[in-house]
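What follows is a set of notes on a single structure, which appears directly below.
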Amino acid sequence: MHQREADINLIKRILIDKDKKGVYENAFHFIHVYSRDEEILLLLCQIFESDWHESHEDMARAFQGASNPVTAETLFRVALTEFEYSWNDNYPLQRKCTWALADTGTEEAKNFLKQIKQKANEEVAEFADKRLRNWDSEWRRKGQILNCYEMHSFFIPLEKYSESLKTSSTEAQKIIGNLFNKRSLEYGDYLPRELVEVIREYVLLYQVHKNEVAEQSLKDQKFTVPDDSSLTISPIKLSFLSMMNSCNWLREENQERLFAIWIRKEAFAEILNDAVLISENESQEEIESKKVTIQWLPDNDFLGTKLEREVIQLDLNDEAFEKLVNEKIEGISDITDFVIEQRNHIDNGEFDRLFIPKEGIIQI
């Protein structure tokens with residue numbers, strides 16, 4: 001029996017037996033582990049709405065971290081519920097439910113918050129109203145994300161593959177990728193020095209590496225070659241599925257790990273300015289003779305089928321790659337586990353459970 005099947009059976013047993021201890025020991029963990037698994041989340045939502053346990057606040061906090069839209073209706077109902085054991089004039093459970101609703105980031109969640117504002121008591125209505133007032137300013141919190149534990153201030157927004165088909169660009173030769181906006185408060189340059197909001201833009205690049213290079217590079221937060229290894233400079237891509245097609249979802253030899261690499265948008269523009277556009281038919285020797293080359297290649301779907309739109313691939317020689325490593329990289333994160341999770345969904349025919357990083361046109 002696979003672990004997922006065993007966990008589903010455990011959740012169902014907890015529901016049937018009304019196992020208060022089982023909820024306390026397992027629910028938070030399951031929401032975290034299965035944050036993108038709608039079938040399991042819906043079972044956990046049944047537990048969340050039940051009145052025979054006392055773990056609602058912990059579950060609400062976990063649902064906020066999951067930010068999965070499938071939980072929205074349940075969060076709405078619990079936000080309007082007062083469990084007898086949890087009576088508190090500050091309504092901490094209801095507050096957490098409004099936070100979790102807001103963080104799903106959908107129009108449905110926004111409408112639920114509007115209903116809470118209308119139907120709930122004054123204190124809870126204020127929680128919902130605050131989330132509505134701050135809806136736009138809290139944009140970074142919203143939606144499903146892939147946390148990058150090596151770089152706590154960075155994350156990758158995700159979307160279901162089926163949803164990506166509705167919004168993906170079909171324009172020819174546009175730079176498609178993930179642009180991350182990072183906001184911070186910094187002191188201005190002029191006296192009196194006041195705190196000002198600064199927005200910096202980062203472009204997400206993908207590069208595959210073998211295990212030995214990956215381990216040392218993550219530790220150092222730059223590409224480091226172990227004494228017993230060598231660094232083969234593989235192509236850099238901005239399209240996640242194009243990279244997955246070229247490395248066969250990390251099944252190829254010496255391509256066992258996928259790195260997410262963030263560089264400033266200005267640094268990416270510098271790389272493009274130094275790059276030479278080449279055709280798909282040029283030889284490897286011609287490519288290697290140039291510092292940085294760009295190729296426009298067909299993008300791919302998750303099965304590797306070529307799409308009409310084209311995406312760029314960057315090839316860097318040793319000198320250009322060393323400059324990238326030493327001067328331009330802001331952070332590196334290993335997202336191999338995410339790739340394997342999605343690969344397993346494909347292998348099992350679970351296409352409706354497939355998530356990919358959000359991508360769009362990057363204006364340079």
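Following the order of the structure tokens, chains are lettered A, B, ..., residues in each are numbered from 1, and ligands are numbered from 1.
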- Could you give me, as a PyMOL selection string, the residues within 9 Å of A:Phe154, counting only C-alpha atoms and dropping anything in the same chain fewer than 5 positions from it? chain A and resi 147-149+180+182+262+331
Dump of N, CA and C atoms for the selected residues, as a tab-separated table (two decimals), in the first residue's frame:
chain	number	residue	atom	x	y	z
A	147	ASN	N	7.59	26.90	-1.45
A	147	ASN	CA	8.55	27.55	-0.58
A	147	ASN	C	9.96	27.08	-0.90
A	148	CYS	N	10.89	28.01	-0.87
A	148	CYS	CA	12.29	27.70	-1.16
A	148	CYS	C	13.07	27.85	0.13
A	149	TYR	N	13.32	26.71	0.78
A	149	TYR	CA	13.80	26.75	2.16
A	149	TYR	C	15.23	27.26	2.28
A	180	PHE	N	9.66	37.58	-10.30
A	180	PHE	CA	9.34	37.66	-8.87
A	180	PHE	C	9.58	39.08	-8.38
A	182	LYS	N	9.97	41.45	-5.28
A	182	LYS	CA	10.30	41.39	-3.86
A	182	LYS	C	10.24	42.79	-3.27
A	262	TRP	N	17.74	32.67	-8.88
A	262	TRP	CA	17.20	34.02	-9.01
A	262	TRP	C	18.31	35.01	-9.30
A	331	GLY	N	20.28	33.98	-5.37
A	331	GLY	CA	19.90	32.85	-4.55
A	331	GLY	C	19.69	31.60	-5.37
- What's the 12 Å shell around A:Lys130, counting only C-alpha atoms, without same-chain residues fewer than 2 positions away, as a ChimeraX atom specification? /A:95,98-99,102,110,113-114,116-117,123-128,132-138
Store the residues picked out above in a file with C-alpha atoms, as an mmCIF file, in the first residue's frame.
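Everything below was put into selection_16.cif:
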data_model
loop_
_atom_site.group_PDB
_atom_site.id
_atom_site.type_symbol
_atom_site.label_atom_id
_atom_site.label_comp_id
_atom_site.auth_asym_id
_atom_site.auth_seq_id
_atom_site.Cartn_x
_atom_site.Cartn_y
_atom_site.Cartn_z
ATOM 1 C CA ARG A 95 -9.559 35.473 12.630
ATOM 2 C CA THR A 98 -10.390 35.036 7.407
ATOM 3 C CA TRP A 99 -6.611 35.067 6.990
ATOM 4 C CA ALA A 102 -7.657 35.824 1.973
ATOM 5 C CA LYS A 110 -13.083 37.409 -1.771
ATOM 6 C CA LEU A 113 -15.085 37.499 2.955
ATOM 7 C CA LYS A 114 -17.732 39.981 1.810
ATOM 8 C CA ILE A 116 -18.640 37.268 6.450
ATOM 9 C CA LYS A 117 -18.473 41.051 6.701
ATOM 10 C CA GLU A 123 -15.549 41.634 15.715
ATOM 11 C CA VAL A 124 -15.437 38.890 13.070
ATOM 12 C CA ALA A 125 -16.848 41.233 10.422
ATOM 13 C CA GLU A 126 -13.931 43.574 11.108
ATOM 14 C CA PHE A 127 -11.469 40.709 10.513
ATOM 15 C CA ALA A 128 -13.015 40.121 7.087
ATOM 16 C CA LEU A 132 -10.670 43.020 1.995
ATOM 17 C CA ARG A 133 -9.074 46.444 2.540
ATOM 18 C CA ASN A 134 -5.596 44.905 2.337
ATOM 19 C CA TRP A 135 -6.418 42.542 -0.527
ATOM 20 C CA ASP A 136 -4.133 44.182 -3.102
ATOM 21 C CA SER A 137 -1.260 45.024 -0.748
ATOM 22 C CA GLU A 138 -1.089 41.424 0.511
#
- Item | DSSP-assigned alpha helix (DSSP H) members of stretch 40-289 of chain A, reported as a ChimeraX atom specification | /A:40-49,56-66,72-79,92-104,107-119,122-133,161-167,211-220,240-247,265-274,284-288
- Skip A:Ile263 itself and residues of its chain fewer than 3 positions away, then list as a PyMOL selection string all residues within 9 Å of it, counting only C-alpha atoms. chain A and resi 201-205+266-268+324+328-331
Keeping only N, CA and C atoms, take the residues you just selected and write them out as an mmCIF file, in the first residue's frame.
data_model
loop_
_atom_site.group_PDB
_atom_site.id
_atom_site.type_symbol
_atom_site.label_atom_id
_atom_site.label_comp_id
_atom_site.auth_asym_id
_atom_site.auth_seq_id
_atom_site.Cartn_x
_atom_site.Cartn_y
_atom_site.Cartn_z
ATOM 1 N N GLU A 201 12.874 43.410 -8.901
ATOM 2 C CA GLU A 201 12.357 42.333 -9.747
ATOM 3 C C GLU A 201 13.456 41.306 -9.996
ATOM 4 N N TYR A 202 13.082 40.042 -9.885
ATOM 5 C CA TYR A 202 14.016 38.939 -10.070
ATOM 6 C C TYR A 202 13.466 37.974 -11.119
ATOM 7 N N VAL A 203 14.349 37.510 -11.980
ATOM 8 C CA VAL A 203 13.985 36.527 -12.999
ATOM 9 C C VAL A 203 14.402 35.152 -12.501
ATOM 10 N N LEU A 204 13.512 34.180 -12.682
ATOM 11 C CA LEU A 204 13.767 32.810 -12.240
ATOM 12 C C LEU A 204 14.332 31.998 -13.402
ATOM 13 N N LEU A 205 15.506 31.431 -13.190
ATOM 14 C CA LEU A 205 16.159 30.580 -14.183
ATOM 15 C C LEU A 205 16.189 29.144 -13.669
ATOM 16 N N GLU A 266 17.712 43.382 -13.953
ATOM 17 C CA GLU A 266 18.723 44.176 -14.653
ATOM 18 C C GLU A 266 19.911 43.303 -15.071
ATOM 19 N N ALA A 267 20.281 42.346 -14.200
ATOM 20 C CA ALA A 267 21.384 41.440 -14.525
ATOM 21 C C ALA A 267 21.012 40.534 -15.691
ATOM 22 N N PHE A 268 19.754 40.092 -15.704
ATOM 23 C CA PHE A 268 19.287 39.266 -16.816
ATOM 24 C C PHE A 268 19.325 40.057 -18.120
ATOM 25 N N LEU A 324 28.389 34.953 -14.076
ATOM 26 C CA LEU A 324 27.036 34.779 -13.538
ATOM 27 C C LEU A 324 27.094 34.327 -12.090
ATOM 28 N N LYS A 328 26.092 37.777 -10.304
ATOM 29 C CA LYS A 328 24.683 38.014 -10.611
ATOM 30 C C LYS A 328 23.695 37.170 -9.816
ATOM 31 N N ILE A 329 24.083 36.006 -9.339
ATOM 32 C CA ILE A 329 23.124 35.127 -8.669
ATOM 33 C C ILE A 329 22.780 35.666 -7.289
ATOM 34 N N GLU A 330 21.486 35.806 -7.026
ATOM 35 C CA GLU A 330 21.002 36.283 -5.727
ATOM 36 C C GLU A 330 20.628 35.127 -4.804
ATOM 37 N N GLY A 331 20.284 33.981 -5.371
ATOM 38 C CA GLY A 331 19.897 32.847 -4.545
ATOM 39 C C GLY A 331 19.692 31.596 -5.373
#
- Using only C-alpha atoms, the best pick from A:Ala260, A:Ile312, A:Leu250, A:Ala120 as closest to A:Leu272 would be A:Ile312
- Task: Can you work out which one of A:Ile8, A:Cys45, A:Ile261, A:Ala62 has the shortest atom-to-atom distance to A:Arg77, counting only C-alpha atoms?
- Result: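 Closest to A:Arg77 of all the choices is A:Cys45.
Here the question is which of A:Ala100, A:Asn9, A:Glu82, A:Gly143 gets nearest to A:Asn121 using only C-alpha atoms, and that residue is A:Glu82.
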- Query: Which residues, written as JSON, numbers by chain, have at least one atom at most 10 Å from A:Ile356, with only C-alpha atoms counted and residues fewer than 2 positions away on the same chain left out?
  - Reply: {"A": [146, 156, 157, 158, 159, 160, 161, 162, 163, 164, 240, 241, 302, 338, 339, 342, 354, 358, 359]}
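Nearest to A:Tyr24 of all the residues A:Phe48, A:Glu54, A:Glu5, A:Asp299 is A:Glu54, based on only C-alpha atoms.
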- Task: Within 9 Å of A:Ile175, counting only C-alpha atoms, which residues show up once you throw out same-chain ones fewer than 5 positions away? Write them as an MDAnalysis selection string, please.
- Result: chainID A and resid 238 310:312 360:364
Dump as a CSV table (one decimal), in the first residue's frame, selection limited to N, CA and C atoms:
chain,number,residue,atom,x,y,z
A,238,LEU,N,14.2,29.4,-19.0
A,238,LEU,CA,13.2,30.1,-18.1
A,238,LEU,C,11.9,29.4,-18.1
A,310,GLU,N,7.4,29.8,-28.8
A,310,GLU,CA,8.8,29.5,-28.6
A,310,GLU,C,9.3,30.2,-27.3
A,311,VAL,N,10.3,29.5,-26.7
A,311,VAL,CA,10.9,30.0,-25.5
A,311,VAL,C,12.4,30.1,-25.7
A,312,ILE,N,13.1,30.8,-24.8
A,312,ILE,CA,14.6,31.0,-25.0
A,312,ILE,C,15.3,30.0,-24.1
A,360,GLY,N,4.7,33.9,-17.4
A,360,GLY,CA,4.0,34.9,-18.2
A,360,GLY,C,5.1,35.6,-19.0
A,361,ILE,N,4.7,36.6,-19.8
A,361,ILE,CA,5.7,37.4,-20.6
A,361,ILE,C,6.5,38.3,-19.7
A,362,ILE,N,7.8,38.3,-19.9
A,362,ILE,CA,8.7,39.2,-19.1
A,362,ILE,C,9.1,40.3,-20.1
A,363,GLN,N,8.8,41.5,-19.7
A,363,GLN,CA,9.2,42.6,-20.6
A,363,GLN,C,10.6,43.1,-20.1
A,364,ILE,N,11.5,43.1,-21.1
A,364,ILE,CA,12.9,43.6,-20.8
A,364,ILE,C,13.1,45.0,-21.4
- Item | Contact residues around stretch 30-43 of chain A with only C-alpha atoms at 8 Å, ignoring same-chain residues under 2 positions, as a ChimeraX atom specification | /A:8,11-12,26-28,45-47,59,62-63,65-68,70-71,353
- Message: Taking only stretch 41-213 of chain A into account, list the residues labelled strand (DSSP E or B) by DSSP (computed from the backbone), as an MDAnalysis selection string.
- Response: chainID A and resid 145:147 155:160 176:177 179:187 195:209
For the residues in that selection, give me N, CA and C atoms as a compact mmCIF listing (two decimals), in the first residue's frame.
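Resulting contents of result-v5.txt:
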# COMPACT_ATOMS: atom_id res chain seq x y z
N ILE A 145 2.01 28.28 -3.40
CA ILE A 145 3.41 28.62 -3.63
C ILE A 145 4.30 27.42 -3.31
N LEU A 146 5.47 27.43 -3.91
CA LEU A 146 6.51 26.47 -3.58
C LEU A 146 7.54 27.22 -2.74
N ASN A 147 7.59 26.90 -1.45
CA ASN A 147 8.55 27.55 -0.58
C ASN A 147 9.96 27.08 -0.90
N PHE A 155 10.03 32.65 -3.12
CA PHE A 155 9.16 31.50 -3.32
C PHE A 155 8.72 31.49 -4.77
N ILE A 156 8.12 30.37 -5.20
CA ILE A 156 7.68 30.23 -6.58
C ILE A 156 6.16 30.08 -6.60
N PRO A 157 5.43 31.03 -7.18
CA PRO A 157 3.97 30.87 -7.31
C PRO A 157 3.65 29.69 -8.24
N LEU A 158 2.64 28.92 -7.86
CA LEU A 158 2.26 27.74 -8.63
C LEU A 158 0.84 27.89 -9.15
N GLU A 159 0.53 27.11 -10.16
CA GLU A 159 -0.85 27.00 -10.63
C GLU A 159 -1.05 25.61 -11.22
N LYS A 160 -2.31 25.17 -11.23
CA LYS A 160 -2.61 23.90 -11.86
C LYS A 160 -2.30 23.98 -13.35
N ILE A 176 9.22 34.12 -22.05
CA ILE A 176 8.26 33.54 -21.13
C ILE A 176 9.01 33.03 -19.90
N GLY A 177 8.55 33.41 -18.73
CA GLY A 177 9.20 32.94 -17.51
C GLY A 177 8.48 33.45 -16.28
N LEU A 179 8.62 36.10 -13.17
CA LEU A 179 9.20 37.34 -12.66
C LEU A 179 8.72 37.52 -11.23
N PHE A 180 9.66 37.58 -10.30
CA PHE A 180 9.34 37.66 -8.87
C PHE A 180 9.58 39.08 -8.38
N ASN A 181 8.53 39.69 -7.82
CA ASN A 181 8.66 41.03 -7.25
C ASN A 181 8.87 40.92 -5.75
N LYS A 182 9.97 41.45 -5.28
CA LYS A 182 10.30 41.39 -3.86
C LYS A 182 10.24 42.79 -3.27
N ARG A 183 9.35 42.96 -2.30
CA ARG A 183 9.19 44.27 -1.65
C ARG A 183 9.92 44.29 -0.33
N SER A 184 10.54 45.41 -0.03
CA SER A 184 11.22 45.57 1.25
C SER A 184 11.21 47.04 1.65
N LEU A 185 11.40 47.28 2.94
CA LEU A 185 11.51 48.65 3.45
C LEU A 185 12.97 48.98 3.66
N GLU A 186 13.43 50.06 3.07
CA GLU A 186 14.82 50.47 3.19
C GLU A 186 14.88 51.97 3.45
N TYR A 187 15.99 52.39 4.06
CA TYR A 187 16.17 53.82 4.31
C TYR A 187 16.55 54.54 3.02
N LEU A 195 12.15 55.51 5.98
CA LEU A 195 11.91 54.21 5.38
C LEU A 195 11.02 54.36 4.15
N VAL A 196 11.45 53.75 3.06
CA VAL A 196 10.66 53.78 1.83
C VAL A 196 10.51 52.34 1.32
N GLU A 197 9.42 52.09 0.63
CA GLU A 197 9.21 50.76 0.06
C GLU A 197 9.98 50.64 -1.24
N VAL A 198 10.75 49.56 -1.36
CA VAL A 198 11.55 49.31 -2.56
C VAL A 198 11.07 48.00 -3.18
N ILE A 199 10.83 48.02 -4.47
CA ILE A 199 10.42 46.81 -5.19
C ILE A 199 11.53 46.43 -6.15
N ARG A 200 12.04 45.23 -5.98
CA ARG A 200 13.07 44.71 -6.88
C ARG A 200 12.51 43.51 -7.64
N GLU A 201 12.87 43.41 -8.90
CA GLU A 201 12.36 42.33 -9.75
C GLU A 201 13.46 41.31 -10.00
N TYR A 202 13.08 40.04 -9.88
CA TYR A 202 14.02 38.94 -10.07
C TYR A 202 13.47 37.97 -11.12
N VAL A 203 14.35 37.51 -11.98
CA VAL A 203 13.99 36.53 -13.00
C VAL A 203 14.40 35.15 -12.50
N LEU A 204 13.51 34.18 -12.68
CA LEU A 204 13.77 32.81 -12.24
C LEU A 204 14.33 32.00 -13.40
N LEU A 205 15.51 31.43 -13.19
CA LEU A 205 16.16 30.58 -14.18
C LEU A 205 16.19 29.14 -13.67
N TYR A 206 16.23 28.19 -14.60
CA TYR A 206 16.33 26.78 -14.23
C TYR A 206 17.60 26.19 -14.83
N GLN A 207 18.26 25.36 -14.03
CA GLN A 207 19.44 24.65 -14.52
C GLN A 207 19.53 23.31 -13.81
N VAL A 208 19.86 22.26 -14.57
CA VAL A 208 19.99 20.93 -13.98
C VAL A 208 21.46 20.65 -13.66
N HIS A 209 21.67 19.84 -12.61
CA HIS A 209 23.02 19.46 -12.20
C HIS A 209 23.00 18.04 -11.67
- Message: Taking 5 positions as the minimum chain separation for residues in the same chain, which residues sit within 8 Å of A:Ala109 when counting only C-alpha atoms? Answer as a VMD selection string.
- Response: chain A and resid 69 72 to 73 101 to 102 104
